[in-house]
$ cat run-v6.cif   # mmCIF, C-alpha atoms; chains and numbers go by the auth columns
data_data
loop_
_atom_site.group_PDB
_atom_site.id
_atom_site.type_symbol
_atom_site.label_atom_id
_atom_site.label_comp_id
_atom_site.label_asym_id
_atom_site.label_seq_id
_atom_site.Cartn_x
_atom_site.Cartn_y
_atom_site.Cartn_z
_atom_site.B_iso_or_equiv
_atom_site.auth_seq_id
_atom_site.auth_asym_id
ATOM 1 C CA ASP A 1 11.914 5.269 -8.145 0.00 1 A
ATOM 2 C CA ALA A 2 11.313 4.047 -11.655 0.00 2 A
ATOM 3 C CA LYS A 3 7.974 4.681 -13.316 0.00 3 A
ATOM 4 C CA THR A 4 5.738 1.735 -14.194 0.00 4 A
ATOM 5 C CA THR A 5 3.194 1.308 -16.980 0.00 5 A
ATOM 6 C CA GLN A 6 0.262 -1.098 -16.739 0.00 6 A
ATOM 7 C CA PRO A 7 -2.794 -1.672 -18.939 0.00 7 A
ATOM 8 C CA PRO A 8 -5.882 -0.003 -17.438 0.00 8 A
ATOM 9 C CA SER A 9 -8.005 -3.132 -17.417 0.00 9 A
ATOM 10 C CA MET A 10 -8.063 -6.825 -18.242 0.00 10 A
ATOM 11 C CA ASP A 11 -10.623 -9.604 -18.226 0.00 11 A
ATOM 12 C CA CYS A 12 -9.979 -13.224 -17.333 0.00 12 A
ATOM 13 C CA ALA A 13 -12.182 -16.296 -17.285 0.00 13 A
ATOM 14 C CA GLU A 14 -12.606 -18.005 -13.947 0.00 14 A
ATOM 15 C CA GLY A 15 -10.211 -20.925 -13.570 0.00 15 A
ATOM 16 C CA ARG A 16 -7.819 -19.654 -16.204 0.00 16 A
ATOM 17 C CA ALA A 17 -4.453 -18.047 -15.598 0.00 17 A
ATOM 18 C CA ALA A 18 -4.406 -14.276 -15.338 0.00 18 A
ATOM 19 C CA ASN A 19 -1.242 -12.690 -16.708 0.00 19 A
ATOM 20 C CA LEU A 20 -0.805 -9.060 -15.739 0.00 20 A
ATOM 21 C CA PRO A 21 2.026 -7.171 -17.476 0.00 21 A
ATOM 22 C CA CYS A 22 4.065 -4.265 -16.184 0.00 22 A
ATOM 23 C CA ASN A 23 6.690 -2.172 -17.962 0.00 23 A
ATOM 24 C CA HIS A 24 9.466 -0.528 -15.958 0.00 24 A
ATOM 25 C CA SER A 25 12.069 0.315 -18.552 0.00 25 A
ATOM 26 C CA THR A 26 13.969 2.800 -16.334 0.00 26 A
ATOM 27 C CA ILE A 27 14.429 0.419 -13.408 0.00 27 A
ATOM 28 C CA SER A 28 17.752 0.674 -11.554 0.00 28 A
ATOM 29 C CA GLY A 29 19.906 -2.198 -10.426 0.00 29 A
ATOM 30 C CA ASN A 30 18.883 -1.892 -6.758 0.00 30 A
ATOM 31 C CA GLU A 31 15.151 -1.538 -7.356 0.00 31 A
ATOM 32 C CA TYR A 32 12.734 -4.316 -6.575 0.00 32 A
ATOM 33 C CA VAL A 33 9.433 -5.000 -8.308 0.00 33 A
ATOM 34 C CA TYR A 34 6.472 -5.280 -5.919 0.00 34 A
ATOM 35 C CA TRP A 35 2.921 -6.312 -6.670 0.00 35 A
ATOM 36 C CA TYR A 36 -0.070 -5.370 -4.549 0.00 36 A
ATOM 37 C CA ARG A 37 -3.780 -5.607 -5.131 0.00 37 A
ATOM 38 C CA GLN A 38 -6.673 -3.674 -3.683 0.00 38 A
ATOM 39 C CA ILE A 39 -10.216 -4.917 -3.445 0.00 39 A
ATOM 40 C CA HIS A 40 -12.821 -2.198 -3.124 0.00 40 A
ATOM 41 C CA SER A 41 -12.892 -0.514 0.300 0.00 41 A
ATOM 42 C CA GLN A 42 -10.031 -2.617 1.669 0.00 42 A
ATOM 43 C CA GLY A 43 -6.370 -1.926 2.268 0.00 43 A
ATOM 44 C CA PRO A 44 -3.831 -2.961 -0.378 0.00 44 A
ATOM 45 C CA GLN A 45 -2.738 -6.567 -0.079 0.00 45 A
ATOM 46 C CA TYR A 46 0.880 -7.515 -0.707 0.00 46 A
ATOM 47 C CA ILE A 47 1.206 -10.287 -3.308 0.00 47 A
ATOM 48 C CA ILE A 48 4.838 -10.827 -4.234 0.00 48 A
ATOM 49 C CA HIS A 49 8.110 -9.058 -4.960 0.00 49 A
ATOM 50 C CA GLY A 50 11.413 -9.794 -6.677 0.00 50 A
ATOM 51 C CA LEU A 51 14.704 -8.332 -7.824 0.00 51 A
ATOM 52 C CA LYS A 52 15.796 -10.296 -10.877 0.00 52 A
ATOM 53 C CA ASN A 53 14.916 -13.934 -10.386 0.00 53 A
ATOM 54 C CA ASN A 54 11.460 -15.338 -10.945 0.00 54 A
ATOM 55 C CA GLU A 55 9.534 -15.749 -7.718 0.00 55 A
ATOM 56 C CA THR A 56 6.604 -17.905 -6.669 0.00 56 A
ATOM 57 C CA ASN A 57 4.506 -18.035 -3.546 0.00 57 A
ATOM 58 C CA GLU A 58 1.118 -19.393 -2.569 0.00 58 A
ATOM 59 C CA MET A 59 -0.695 -16.543 -4.278 0.00 59 A
ATOM 60 C CA ALA A 60 1.142 -15.917 -7.531 0.00 60 A
ATOM 61 C CA SER A 61 4.253 -16.097 -9.654 0.00 61 A
ATOM 62 C CA LEU A 62 6.383 -13.162 -10.746 0.00 62 A
ATOM 63 C CA ILE A 63 8.312 -13.383 -13.984 0.00 63 A
ATOM 64 C CA ILE A 64 10.947 -10.680 -14.541 0.00 64 A
ATOM 65 C CA THR A 65 12.605 -10.384 -17.944 0.00 65 A
ATOM 66 C CA GLU A 66 16.353 -10.792 -18.150 0.00 66 A
ATOM 67 C CA ASP A 67 16.882 -7.088 -18.842 0.00 67 A
ATOM 68 C CA ARG A 68 14.493 -6.293 -15.943 0.00 68 A
ATOM 69 C CA LYS A 69 12.564 -3.804 -18.045 0.00 69 A
ATOM 70 C CA SER A 70 9.275 -5.604 -17.661 0.00 70 A
ATOM 71 C CA SER A 71 7.572 -8.202 -15.526 0.00 71 A
ATOM 72 C CA THR A 72 4.420 -10.317 -15.450 0.00 72 A
ATOM 73 C CA LEU A 73 2.324 -11.290 -12.466 0.00 73 A
ATOM 74 C CA ILE A 74 0.653 -14.647 -12.950 0.00 74 A
ATOM 75 C CA LEU A 75 -2.387 -15.790 -10.968 0.00 75 A
ATOM 76 C CA PRO A 76 -2.440 -19.468 -12.008 0.00 76 A
ATOM 77 C CA HIS A 77 -6.149 -20.210 -11.483 0.00 77 A
ATOM 78 C CA ALA A 78 -8.104 -16.993 -11.199 0.00 78 A
ATOM 79 C CA THR A 79 -11.266 -16.957 -9.094 0.00 79 A
ATOM 80 C CA LEU A 80 -14.015 -14.357 -8.797 0.00 80 A
ATOM 81 C CA ARG A 81 -12.382 -13.196 -5.551 0.00 81 A
ATOM 82 C CA ASP A 82 -9.297 -12.159 -7.515 0.00 82 A
ATOM 83 C CA THR A 83 -11.259 -9.290 -9.085 0.00 83 A
ATOM 84 C CA ALA A 84 -9.350 -6.216 -7.888 0.00 84 A
ATOM 85 C CA VAL A 85 -7.027 -3.398 -8.899 0.00 85 A
ATOM 86 C CA TYR A 86 -3.469 -4.717 -9.269 0.00 86 A
ATOM 87 C CA TYR A 87 -0.529 -2.387 -8.745 0.00 87 A
ATOM 88 C CA CYS A 88 3.023 -2.884 -9.949 0.00 88 A
ATOM 89 C CA ILE A 89 5.494 -0.773 -7.977 0.00 89 A
ATOM 90 C CA VAL A 90 9.223 -0.372 -8.362 0.00 90 A
ATOM 91 C CA ARG A 91 11.096 0.681 -5.251 0.00 91 A
ATOM 92 C CA ALA A 92 14.597 0.631 -3.902 0.00 92 A
ATOM 93 C CA SER A 93 15.043 -1.206 -0.643 0.00 93 A
ATOM 94 C CA LEU A 94 17.147 -0.339 2.382 0.00 94 A
ATOM 95 C CA ARG A 95 15.324 2.877 3.130 0.00 95 A
ATOM 96 C CA TYR A 96 12.358 2.953 5.490 0.00 96 A
ATOM 97 C CA GLY A 97 11.172 6.265 4.268 0.00 97 A
ATOM 98 C CA ASN A 98 10.816 5.144 0.688 0.00 98 A
ATOM 99 C CA LYS A 99 7.132 5.547 0.149 0.00 99 A
ATOM 100 C CA LEU A 100 5.158 3.230 -2.083 0.00 100 A
ATOM 101 C CA VAL A 101 3.925 5.087 -5.144 0.00 101 A
ATOM 102 C CA PHE A 102 0.718 3.526 -6.375 0.00 102 A
ATOM 103 C CA GLY A 103 -0.167 4.385 -9.957 0.00 103 A
ATOM 104 C CA ALA A 104 -3.508 3.723 -11.602 0.00 104 A
ATOM 105 C CA GLY A 105 -2.924 -0.031 -11.704 0.00 105 A
ATOM 106 C CA THR A 106 -4.785 -2.651 -13.745 0.00 106 A
ATOM 107 C CA ILE A 107 -8.408 -3.460 -13.009 0.00 107 A
ATOM 108 C CA LEU A 108 -8.679 -7.238 -13.333 0.00 108 A
ATOM 109 C CA ARG A 109 -12.181 -8.572 -13.814 0.00 109 A
ATOM 110 C CA VAL A 110 -12.550 -12.323 -13.393 0.00 110 A
ATOM 111 C CA LYS A 111 -15.710 -13.548 -15.054 0.00 111 A
ATOM 112 C CA SER A 112 -17.584 -16.813 -14.658 0.00 112 A
ATOM 113 C CA ASP B 1 -2.976 -13.768 14.379 0.00 1 B
ATOM 114 C CA GLY B 2 -0.325 -11.271 13.267 0.00 2 B
ATOM 115 C CA GLY B 3 -1.478 -8.175 11.507 0.00 3 B
ATOM 116 C CA ILE B 4 -2.319 -4.510 11.463 0.00 4 B
ATOM 117 C CA THR B 5 -5.487 -3.288 13.114 0.00 5 B
ATOM 118 C CA GLN B 6 -7.033 0.044 12.270 0.00 6 B
ATOM 119 C CA SER B 7 -9.962 1.462 14.161 0.00 7 B
ATOM 120 C CA PRO B 8 -12.597 2.588 13.777 0.00 8 B
ATOM 121 C CA LYS B 9 -13.590 1.420 10.306 0.00 9 B
ATOM 122 C CA TYR B 10 -15.835 4.457 9.807 0.00 10 B
ATOM 123 C CA LEU B 11 -15.430 7.832 11.502 0.00 11 B
ATOM 124 C CA PHE B 12 -17.414 11.024 11.300 0.00 12 B
ATOM 125 C CA ARG B 13 -16.053 14.427 12.214 0.00 13 B
ATOM 126 C CA LYS B 14 -17.768 17.702 12.803 0.00 14 B
ATOM 127 C CA GLU B 15 -16.271 20.866 11.425 0.00 15 B
ATOM 128 C CA GLY B 16 -13.534 22.214 13.707 0.00 16 B
ATOM 129 C CA GLN B 17 -12.955 18.939 15.541 0.00 17 B
ATOM 130 C CA ASN B 18 -9.776 16.934 15.841 0.00 18 B
ATOM 131 C CA VAL B 19 -10.098 13.180 15.450 0.00 19 B
ATOM 132 C CA THR B 20 -7.579 10.406 16.095 0.00 20 B
ATOM 133 C CA LEU B 21 -7.280 7.252 14.013 0.00 21 B
ATOM 134 C CA SER B 22 -5.779 4.209 15.668 0.00 22 B
ATOM 135 C CA CYS B 23 -3.210 1.858 14.131 0.00 23 B
ATOM 136 C CA GLU B 24 -1.761 -1.112 16.006 0.00 24 B
ATOM 137 C CA GLN B 25 0.539 -3.845 14.694 0.00 25 B
ATOM 138 C CA ASN B 26 1.759 -7.061 16.287 0.00 26 B
ATOM 139 C CA LEU B 27 4.187 -7.961 13.509 0.00 27 B
ATOM 140 C CA ASN B 28 7.190 -6.556 15.408 0.00 28 B
ATOM 141 C CA HIS B 29 7.830 -4.211 12.486 0.00 29 B
ATOM 142 C CA ASP B 30 10.116 -1.251 13.035 0.00 30 B
ATOM 143 C CA ALA B 31 8.618 1.114 10.465 0.00 31 B
ATOM 144 C CA MET B 32 5.053 2.371 10.261 0.00 32 B
ATOM 145 C CA TYR B 33 3.317 4.590 7.701 0.00 33 B
ATOM 146 C CA TRP B 34 0.125 6.560 7.156 0.00 34 B
ATOM 147 C CA TYR B 35 -1.334 7.021 3.680 0.00 35 B
ATOM 148 C CA ARG B 36 -4.376 8.821 2.415 0.00 36 B
ATOM 149 C CA GLN B 37 -6.440 7.601 -0.548 0.00 37 B
ATOM 150 C CA ASP B 38 -9.062 9.713 -2.321 0.00 38 B
ATOM 151 C CA PRO B 39 -11.695 8.126 -4.609 0.00 39 B
ATOM 152 C CA GLY B 40 -10.156 6.749 -7.796 0.00 40 B
ATOM 153 C CA GLN B 41 -6.697 7.920 -6.742 0.00 41 B
ATOM 154 C CA GLY B 42 -3.462 6.330 -5.610 0.00 42 B
ATOM 155 C CA LEU B 43 -2.083 6.455 -2.089 0.00 43 B
ATOM 156 C CA ARG B 44 -0.282 9.513 -0.773 0.00 44 B
ATOM 157 C CA LEU B 45 2.120 9.365 2.163 0.00 45 B
ATOM 158 C CA ILE B 46 1.205 11.510 5.175 0.00 46 B
ATOM 159 C CA TYR B 47 3.785 10.521 7.841 0.00 47 B
ATOM 160 C CA TYR B 48 6.144 7.667 8.514 0.00 48 B
ATOM 161 C CA SER B 49 8.154 6.459 11.476 0.00 49 B
ATOM 162 C CA GLN B 50 11.281 4.341 11.405 0.00 50 B
ATOM 163 C CA ILE B 51 11.731 3.876 15.161 0.00 51 B
ATOM 164 C CA VAL B 52 9.994 4.714 18.410 0.00 52 B
ATOM 165 C CA ASN B 53 9.889 8.428 19.265 0.00 53 B
ATOM 166 C CA ASP B 54 10.871 9.447 15.745 0.00 54 B
ATOM 167 C CA PHE B 55 8.757 10.280 12.699 0.00 55 B
ATOM 168 C CA GLN B 56 9.048 12.219 9.459 0.00 56 B
ATOM 169 C CA LYS B 57 6.639 14.129 7.268 0.00 57 B
ATOM 170 C CA GLY B 58 5.526 12.603 4.015 0.00 58 B
ATOM 171 C CA ASP B 59 4.145 14.393 0.994 0.00 59 B
ATOM 172 C CA ILE B 60 0.931 15.742 2.532 0.00 60 B
ATOM 173 C CA ALA B 61 1.598 16.206 6.278 0.00 61 B
ATOM 174 C CA GLU B 62 -0.138 19.588 6.668 0.00 62 B
ATOM 175 C CA GLY B 63 -3.151 19.343 8.966 0.00 63 B
ATOM 176 C CA TYR B 64 -2.076 16.002 10.435 0.00 64 B
ATOM 177 C CA SER B 65 -0.030 14.949 13.455 0.00 65 B
ATOM 178 C CA VAL B 66 1.315 11.600 14.693 0.00 66 B
ATOM 179 C CA SER B 67 3.084 10.075 17.659 0.00 67 B
ATOM 180 C CA ARG B 68 5.167 6.926 18.092 0.00 68 B
ATOM 181 C CA GLU B 69 5.480 6.225 21.800 0.00 69 B
ATOM 182 C CA LYS B 70 5.365 2.449 21.356 0.00 70 B
ATOM 183 C CA LYS B 71 6.724 0.220 18.628 0.00 71 B
ATOM 184 C CA GLU B 72 3.340 -1.328 17.957 0.00 72 B
ATOM 185 C CA SER B 73 1.275 1.866 17.833 0.00 73 B
ATOM 186 C CA PHE B 74 1.219 4.823 15.416 0.00 74 B
ATOM 187 C CA PRO B 75 -1.930 6.955 15.870 0.00 75 B
ATOM 188 C CA LEU B 76 -2.819 9.691 13.386 0.00 76 B
ATOM 189 C CA THR B 77 -4.648 12.866 14.408 0.00 77 B
ATOM 190 C CA VAL B 78 -6.556 14.739 11.760 0.00 78 B
ATOM 191 C CA THR B 79 -6.682 18.309 13.024 0.00 79 B
ATOM 192 C CA SER B 80 -9.141 21.075 12.241 0.00 80 B
ATOM 193 C CA ALA B 81 -6.408 22.613 10.088 0.00 81 B
ATOM 194 C CA GLN B 82 -6.929 19.846 7.518 0.00 82 B
ATOM 195 C CA LYS B 83 -9.474 21.484 5.259 0.00 83 B
ATOM 196 C CA ASN B 84 -10.400 18.462 3.192 0.00 84 B
ATOM 197 C CA PRO B 85 -10.185 15.483 5.543 0.00 85 B
ATOM 198 C CA THR B 86 -12.777 13.254 3.877 0.00 86 B
ATOM 199 C CA ALA B 87 -10.772 10.264 2.607 0.00 87 B
ATOM 200 C CA PHE B 88 -9.792 6.640 3.167 0.00 88 B
ATOM 201 C CA TYR B 89 -6.844 6.434 5.578 0.00 89 B
ATOM 202 C CA LEU B 90 -4.468 3.483 5.454 0.00 90 B
ATOM 203 C CA CYS B 91 -1.812 2.444 7.935 0.00 91 B
ATOM 204 C CA ALA B 92 1.083 0.184 6.958 0.00 92 B
ATOM 205 C CA SER B 93 4.156 -1.325 8.567 0.00 93 B
ATOM 206 C CA SER B 94 7.338 -2.993 7.400 0.00 94 B
ATOM 207 C CA MET B 95 10.669 -4.429 8.408 0.00 95 B
ATOM 208 C CA THR B 96 14.007 -3.503 6.929 0.00 96 B
ATOM 209 C CA GLY B 97 15.484 -3.670 3.467 0.00 97 B
ATOM 210 C CA SER B 98 13.402 -5.129 0.695 0.00 98 B
ATOM 211 C CA GLN B 99 10.629 -6.419 2.909 0.00 99 B
ATOM 212 C CA PRO B 100 7.214 -5.203 1.759 0.00 100 B
ATOM 213 C CA GLN B 101 4.830 -2.919 3.577 0.00 101 B
ATOM 214 C CA HIS B 102 1.701 -4.573 4.901 0.00 102 B
ATOM 215 C CA PHE B 103 -1.523 -2.631 5.230 0.00 103 B
ATOM 216 C CA GLY B 104 -4.458 -2.487 7.574 0.00 104 B
ATOM 217 C CA ASP B 105 -8.063 -2.423 6.338 0.00 105 B
ATOM 218 C CA GLY B 106 -8.325 1.350 6.590 0.00 106 B
ATOM 219 C CA THR B 107 -10.505 3.977 8.236 0.00 107 B
ATOM 220 C CA ARG B 108 -12.997 5.941 6.179 0.00 108 B
ATOM 221 C CA LEU B 109 -13.358 9.487 7.521 0.00 109 B
ATOM 222 C CA SER B 110 -16.275 11.695 6.613 0.00 110 B
ATOM 223 C CA ILE B 111 -17.274 15.228 7.593 0.00 111 B
ATOM 224 C CA LEU B 112 -20.734 15.840 9.024 0.00 112 B
#
$ encode --input "run-v6.cif" --output "C-alpha cells"
Amino acid sequence: DAKTTQPPSMDCAEGRAANLPCNHSTISGNEYVYWYRQIHSQGPQYIIHGLKNNETNEMASLIITEDRKSSTLILPHATLRDTAVYYCIVRASLRYGNKLVFGAGTILRVKS
Amino acid sequence: DGGITQSPKYLFRKEGQNVTLSCEQNLNHDAMYWYRQDPGQGLRLIYYSQIVNDFQKGDIAEGYSVSREKKESFPLTVTSAQKNPTAFYLCASSMTGSQPQHFGDGTRLSIL
C-alpha cells in the first residue's frame, strides 16, 4: 500500500471549514483513499473514501487531485466535536486481509 | 441499530491468566478484524477472518488466539503467553471490495 504524509497538527475556528491535506505520491491505480478519525479513547470512525472522483457525504467532502497524488478532506462547518486525530489511508480493495495501516495522522483542534 | 459491539469496555487481568474479549456485529459483514493500539501509536493487526471457521494471523498474532464459529462473532483471547498485553483492543468488520472497515468502541486491557 502506498505511504501517506499528513501534517502533524492543524487548528480550525469553530464554524469554519477544516481542510486536511494528505500526500500519497506513490498511489497505484487500484488503490483507494480512505479517511478515518479517532476521538480519544474511542474506536476509529470511518468518514469517507474515494478512488479518483470527488466524493461527498453527510460528514465531509473528499477532493482528489487529477493525478491522484494528493487529496484533501473538507469538514464544511467544523464544530468542537470534530476535534480528533484524522487518518488518511491508501489501500487496495478486493482483498479482505488488507489491513488498514494507520500512520500518525493529523491532530485537528477546533477552537471556539 | 446496526453496529459493532465490544465488551467489556475495561478489563483487568492478573498475571498468568487468559482473558477473552468479545466482538459482535449485526452488519452482516463477512470479514472481521482485531487490532491492537498502544498509547500514541497506530493500529496493528492481530488476526482477521474472511469467512466463518477461517482466520489468518496478522502482524502481531503471538500470544493471541481467535475463533469464528458464527458470522457475527469474533472473540479474541489474550493468553498468558502475551507478555505485554496492556493496550487498547479494537475490533472491526467489513464487506467486500472497497467497502471500509467499521470499528467498535474498543476494550482497554490492563494488568493487575
$ interface_residues --input "run-v6.cif" --of "chain A" --to "chain B" --cutoff "12 Å" --atoms "all atoms listed in the file" --output "ChimeraX atom specification"
/A:30-51,85-87,89-105,107
$ resolve_selection --input "run-v6.cif" --expression "the PyMOL selection byres ((chain B and resi 76-85) around 10)" --output "number ranges by chain"
B: 13-23, 33-34, 36, 38, 46-47, 61-68, 73-75, 86-89, 91, 108-111
$ atom_distance --input "run-v6.cif" --atom1 "CA of Asp67 (chain A)" --atom2 "CA of Leu20 (chain A)"
18.1 Å
$ atom_distance --input "run-v6.cif" --atom1 "CA of Arg16 (chain A)" --atom2 "CA of Ser61 (chain A)"
14.2 Å
$ atom_distance --input "run-v6.cif" --atom1 "CA of His24 (chain A)" --atom2 "CA of Leu75 (chain A)"
20.0 Å
$ resolve_selection --input "run-v6.cif" --expression "the PyMOL selection byres ((chain A and resi 80) around 12)" --output "PyMOL selection string"
chain A and resi 11-16+18+39+75+77-79+81-84+108-112
$ write_last_selection --input "run-v6.cif" --atoms "C-alpha atoms" --output "mmCIF file, keeping the file's coordinate frame"
data_model
loop_
_atom_site.group_PDB
_atom_site.id
_atom_site.type_symbol
_atom_site.label_atom_id
_atom_site.label_comp_id
_atom_site.auth_asym_id
_atom_site.auth_seq_id
_atom_site.Cartn_x
_atom_site.Cartn_y
_atom_site.Cartn_z
ATOM 1 C CA ASP A 11 -10.623 -9.604 -18.226
ATOM 2 C CA CYS A 12 -9.979 -13.224 -17.333
ATOM 3 C CA ALA A 13 -12.182 -16.296 -17.285
ATOM 4 C CA GLU A 14 -12.606 -18.005 -13.947
ATOM 5 C CA GLY A 15 -10.211 -20.925 -13.570
ATOM 6 C CA ARG A 16 -7.819 -19.654 -16.204
ATOM 7 C CA ALA A 18 -4.406 -14.276 -15.338
ATOM 8 C CA ILE A 39 -10.216 -4.917 -3.445
ATOM 9 C CA LEU A 75 -2.387 -15.790 -10.968
ATOM 10 C CA HIS A 77 -6.149 -20.210 -11.483
ATOM 11 C CA ALA A 78 -8.104 -16.993 -11.199
ATOM 12 C CA THR A 79 -11.266 -16.957 -9.094
ATOM 13 C CA ARG A 81 -12.382 -13.196 -5.551
ATOM 14 C CA ASP A 82 -9.297 -12.159 -7.515
ATOM 15 C CA THR A 83 -11.259 -9.290 -9.085
ATOM 16 C CA ALA A 84 -9.350 -6.216 -7.888
ATOM 17 C CA LEU A 108 -8.679 -7.238 -13.333
ATOM 18 C CA ARG A 109 -12.181 -8.572 -13.814
ATOM 19 C CA VAL A 110 -12.550 -12.323 -13.393
ATOM 20 C CA LYS A 111 -15.710 -13.548 -15.054
ATOM 21 C CA SER A 112 -17.584 -16.813 -14.658
#
$ build_atoms --input "run-v6.cif" --residues "region 23-35 of chain A" --atoms "N, CA, C and O atoms" --output "PDB file, in the frame of the given file"
ATOM      1  N   ASN A  23       5.444  -2.682 -17.376  1.00  0.00           N
ATOM      2  CA  ASN A  23       6.690  -2.172 -17.962  1.00  0.00           C
ATOM      3  C   ASN A  23       7.376  -1.228 -16.992  1.00  0.00           C
ATOM      4  O   ASN A  23       6.727  -0.361 -16.397  1.00  0.00           O
ATOM      5  N   HIS A  24       8.669  -1.404 -16.830  1.00  0.00           N
ATOM      6  CA  HIS A  24       9.466  -0.528 -15.958  1.00  0.00           C
ATOM      7  C   HIS A  24      10.843  -0.380 -16.589  1.00  0.00           C
ATOM      8  O   HIS A  24      11.855  -0.833 -16.043  1.00  0.00           O
ATOM      9  N   SER A  25      10.858   0.273 -17.726  1.00  0.00           N
ATOM     10  CA  SER A  25      12.069   0.315 -18.552  1.00  0.00           C
ATOM     11  C   SER A  25      13.207   1.120 -17.927  1.00  0.00           C
ATOM     12  O   SER A  25      14.363   0.956 -18.329  1.00  0.00           O
ATOM     13  N   THR A  26      12.905   1.981 -16.943  1.00  0.00           N
ATOM     14  CA  THR A  26      13.969   2.800 -16.334  1.00  0.00           C
ATOM     15  C   THR A  26      14.402   2.251 -14.975  1.00  0.00           C
ATOM     16  O   THR A  26      15.034   2.953 -14.189  1.00  0.00           O
ATOM     17  N   ILE A  27      14.117   1.010 -14.714  1.00  0.00           N
ATOM     18  CA  ILE A  27      14.429   0.419 -13.408  1.00  0.00           C
ATOM     19  C   ILE A  27      15.937   0.412 -13.168  1.00  0.00           C
ATOM     20  O   ILE A  27      16.735   0.189 -14.092  1.00  0.00           O
ATOM     21  N   SER A  28      16.337   0.689 -11.935  1.00  0.00           N
ATOM     22  CA  SER A  28      17.752   0.674 -11.554  1.00  0.00           C
ATOM     23  C   SER A  28      18.121  -0.683 -10.965  1.00  0.00           C
ATOM     24  O   SER A  28      17.253  -1.467 -10.593  1.00  0.00           O
ATOM     25  N   GLY A  29      19.432  -0.896 -10.875  1.00  0.00           N
ATOM     26  CA  GLY A  29      19.906  -2.198 -10.426  1.00  0.00           C
ATOM     27  C   GLY A  29      19.487  -2.574  -9.016  1.00  0.00           C
ATOM     28  O   GLY A  29      19.390  -3.757  -8.688  1.00  0.00           O
ATOM     29  N   ASN A  30      19.233  -1.590  -8.144  1.00  0.00           N
ATOM     30  CA  ASN A  30      18.883  -1.892  -6.758  1.00  0.00           C
ATOM     31  C   ASN A  30      17.386  -1.797  -6.485  1.00  0.00           C
ATOM     32  O   ASN A  30      16.961  -1.827  -5.339  1.00  0.00           O
ATOM     33  N   GLU A  31      16.596  -1.685  -7.527  1.00  0.00           N
ATOM     34  CA  GLU A  31      15.151  -1.538  -7.356  1.00  0.00           C
ATOM     35  C   GLU A  31      14.430  -2.870  -7.503  1.00  0.00           C
ATOM     36  O   GLU A  31      14.672  -3.618  -8.460  1.00  0.00           O
ATOM     37  N   TYR A  32      13.552  -3.122  -6.569  1.00  0.00           N
ATOM     38  CA  TYR A  32      12.734  -4.316  -6.575  1.00  0.00           C
ATOM     39  C   TYR A  32      11.406  -4.032  -7.263  1.00  0.00           C
ATOM     40  O   TYR A  32      10.924  -2.888  -7.277  1.00  0.00           O
ATOM     41  N   VAL A  33      10.785  -5.082  -7.756  1.00  0.00           N
ATOM     42  CA  VAL A  33       9.433  -5.000  -8.308  1.00  0.00           C
ATOM     43  C   VAL A  33       8.473  -5.616  -7.291  1.00  0.00           C
ATOM     44  O   VAL A  33       8.657  -6.769  -6.867  1.00  0.00           O
ATOM     45  N   TYR A  34       7.484  -4.835  -6.874  1.00  0.00           N
ATOM     46  CA  TYR A  34       6.472  -5.280  -5.919  1.00  0.00           C
ATOM     47  C   TYR A  34       5.111  -5.300  -6.610  1.00  0.00           C
ATOM     48  O   TYR A  34       4.805  -4.445  -7.443  1.00  0.00           O
ATOM     49  N   TRP A  35       4.306  -6.263  -6.219  1.00  0.00           N
ATOM     50  CA  TRP A  35       2.921  -6.312  -6.670  1.00  0.00           C
ATOM     51  C   TRP A  35       2.000  -6.309  -5.460  1.00  0.00           C
ATOM     52  O   TRP A  35       2.193  -7.077  -4.498  1.00  0.00           O
TER      53      TRP A  35
END
